[in-house]
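Everything below concerns the one structure shown next.
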Amino acid sequence: MTTYLKITDGLKRSLGYLDEDDSLDNGLQIRMSSALTAAESYVQGAIGTDVPDFYTSDNNKPLYTLVCNALAASYLQNPVSITSGAVVTVDAVTNAVIGQLRGRYAKELEDQNGKDIESEQTDPKD
């Protein structure tokens, strides 16, 4: 898993802070950074990591940034979901954006391989 985002890529603003706000203590900045890393890991795990530059391309970076910031903000606002192992469902909008990125990812993977990609669940050989 590779991290592409920093807390100044929208997470601070989505939580109501200015990027240059010095009033944030170090602990909160570390929590923000950890939540963003966890969100990127979740999103990349849900989509895939085999297409080089997928998350940094001009077409995909805005959606990737949006969904990661939304998920990280949710982690920060619901810290019990990380520390206690309690299940917190990913909201419908986040699921929709991840679904859209999955479609784009599958298309790029197909273009890269020059053939259709089928999941193991729909493999006709089974």
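The chains in the structure tokens are called A, B, ... from first to last as shown; in each chain the residues are counted from 1, and the ligands are counted from 1 in the order shown.
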Per DSSP on the backbone, what are the helix (DSSP H, G or I) residues of chain A, as number ranges by chain? A: 11-14, 26-47, 61-77, 80-83, 92-113, 120-122
Under the rule of at most 8 Å, produce a per-residue listing of range 51-75 of chain A near range 95-102 of chain A: chain, number, name, the closest pair of atoms, and the distance in Å, as JSON lines, using only C-alpha atoms.
```
{"residue": "A:Asn60", "atom": "CA", "partner": "A:Leu101", "partner_atom": "CA", "distance": 7.3}
{"residue": "A:Leu63", "atom": "CA", "partner": "A:Val97", "partner_atom": "CA", "distance": 6.9}
{"residue": "A:Tyr64", "atom": "CA", "partner": "A:Leu101", "partner_atom": "CA", "distance": 7.7}
{"residue": "A:Val67", "atom": "CA", "partner": "A:Val97", "partner_atom": "CA", "distance": 6.6}
```
Residues within 10 Å of range 37-42 of chain A, please, as a PDB file with N, CA and C atoms, in the first residue's frame. Count only C-alpha atoms; anything in the same chain fewer than 6 positions from it doesn't count.
```
ATOM      1  N   MET A   1       0.844  -1.169   0.000  1.00  0.00           N
ATOM      2  CA  MET A   1       0.000   0.000   0.000  1.00  0.00           C
ATOM      3  C   MET A   1       0.892   1.235   0.000  1.00  0.00           C
ATOM      4  N   THR A   2       0.573   2.141  -0.885  1.00  0.00           N
ATOM      5  CA  THR A   2       1.301   3.398  -0.993  1.00  0.00           C
ATOM      6  C   THR A   2       0.400   4.533  -0.556  1.00  0.00           C
ATOM      7  N   THR A   3       0.952   5.468   0.201  1.00  0.00           N
ATOM      8  CA  THR A   3       0.166   6.638   0.579  1.00  0.00           C
ATOM      9  C   THR A   3       0.479   7.762  -0.390  1.00  0.00           C
ATOM     10  N   TYR A   4      -0.549   8.423  -0.856  1.00  0.00           N
ATOM     11  CA  TYR A   4      -0.404   9.500  -1.820  1.00  0.00           C
ATOM     12  C   TYR A   4      -0.823  10.854  -1.250  1.00  0.00           C
ATOM     13  N   LEU A   5      -1.590  10.848  -0.175  1.00  0.00           N
ATOM     14  CA  LEU A   5      -2.207  12.072   0.317  1.00  0.00           C
ATOM     15  C   LEU A   5      -1.590  12.552   1.621  1.00  0.00           C
ATOM     16  N   LYS A   6      -1.717  13.851   1.837  1.00  0.00           N
ATOM     17  CA  LYS A   6      -1.327  14.488   3.089  1.00  0.00           C
ATOM     18  C   LYS A   6      -2.580  15.107   3.686  1.00  0.00           C
ATOM     19  N   ILE A   7      -2.525  15.439   4.961  1.00  0.00           N
ATOM     20  CA  ILE A   7      -3.714  16.007   5.606  1.00  0.00           C
ATOM     21  C   ILE A   7      -4.063  17.374   5.020  1.00  0.00           C
ATOM     22  N   ARG A  31      -3.086  11.974  14.611  1.00  0.00           N
ATOM     23  CA  ARG A  31      -4.330  11.208  14.440  1.00  0.00           C
ATOM     24  C   ARG A  31      -4.902  11.400  13.042  1.00  0.00           C
ATOM     25  N   TYR A  64     -10.414   9.819  -5.727  1.00  0.00           N
ATOM     26  CA  TYR A  64      -9.622   9.113  -4.715  1.00  0.00           C
ATOM     27  C   TYR A  64      -9.429  10.006  -3.489  1.00  0.00           C
ATOM     28  N   THR A  65      -9.087  11.266  -3.719  1.00  0.00           N
ATOM     29  CA  THR A  65      -8.884  12.217  -2.625  1.00  0.00           C
ATOM     30  C   THR A  65     -10.184  12.414  -1.846  1.00  0.00           C
ATOM     31  N   VAL A  67     -12.875  10.408  -1.550  1.00  0.00           N
ATOM     32  CA  VAL A  67     -13.305   9.246  -0.779  1.00  0.00           C
ATOM     33  C   VAL A  67     -12.364   8.989   0.399  1.00  0.00           C
ATOM     34  N   CYS A  68     -11.075   9.190   0.217  1.00  0.00           N
ATOM     35  CA  CYS A  68     -10.131   8.989   1.324  1.00  0.00           C
ATOM     36  C   CYS A  68     -10.337  10.025   2.422  1.00  0.00           C
ATOM     37  N   ASN A  69     -10.541  11.283   2.030  1.00  0.00           N
ATOM     38  CA  ASN A  69     -10.782  12.326   3.035  1.00  0.00           C
ATOM     39  C   ASN A  69     -12.088  12.085   3.783  1.00  0.00           C
ATOM     40  N   ALA A  70     -13.125  11.672   3.074  1.00  0.00           N
ATOM     41  CA  ALA A  70     -14.415  11.393   3.723  1.00  0.00           C
ATOM     42  C   ALA A  70     -14.286  10.241   4.717  1.00  0.00           C
ATOM     43  N   LEU A  71     -13.587   9.207   4.312  1.00  0.00           N
ATOM     44  CA  LEU A  71     -13.413   8.053   5.184  1.00  0.00           C
ATOM     45  C   LEU A  71     -12.535   8.399   6.384  1.00  0.00           C
ATOM     46  N   ALA A  72     -11.453   9.151   6.150  1.00  0.00           N
ATOM     47  CA  ALA A  72     -10.577   9.563   7.251  1.00  0.00           C
ATOM     48  C   ALA A  72     -11.324  10.456   8.233  1.00  0.00           C
ATOM     49  N   ALA A  73     -12.146  11.363   7.729  1.00  0.00           N
ATOM     50  CA  ALA A  73     -12.938  12.233   8.602  1.00  0.00           C
ATOM     51  C   ALA A  73     -13.897  11.394   9.442  1.00  0.00           C
ATOM     52  N   SER A  74     -14.472  10.373   8.843  1.00  0.00           N
ATOM     53  CA  SER A  74     -15.364   9.474   9.574  1.00  0.00           C
ATOM     54  C   SER A  74     -14.603   8.736  10.674  1.00  0.00           C
ATOM     55  N   TYR A  75     -13.400   8.281  10.363  1.00  0.00           N
ATOM     56  CA  TYR A  75     -12.572   7.619  11.373  1.00  0.00           C
ATOM     57  C   TYR A  75     -12.269   8.565  12.534  1.00  0.00           C
ATOM     58  N   ILE A  82     -12.073   2.490  15.305  1.00  0.00           N
ATOM     59  CA  ILE A  82     -10.700   2.037  15.077  1.00  0.00           C
ATOM     60  C   ILE A  82     -10.153   1.327  16.302  1.00  0.00           C
TER      61      ILE A  82
END
```
Would you mind telling me which residue in A:Gln112, A:Lys61, A:Leu36, A:Tyr105 lies nearest to Gly48 in chain A when using only C-alpha atoms? A:Tyr105
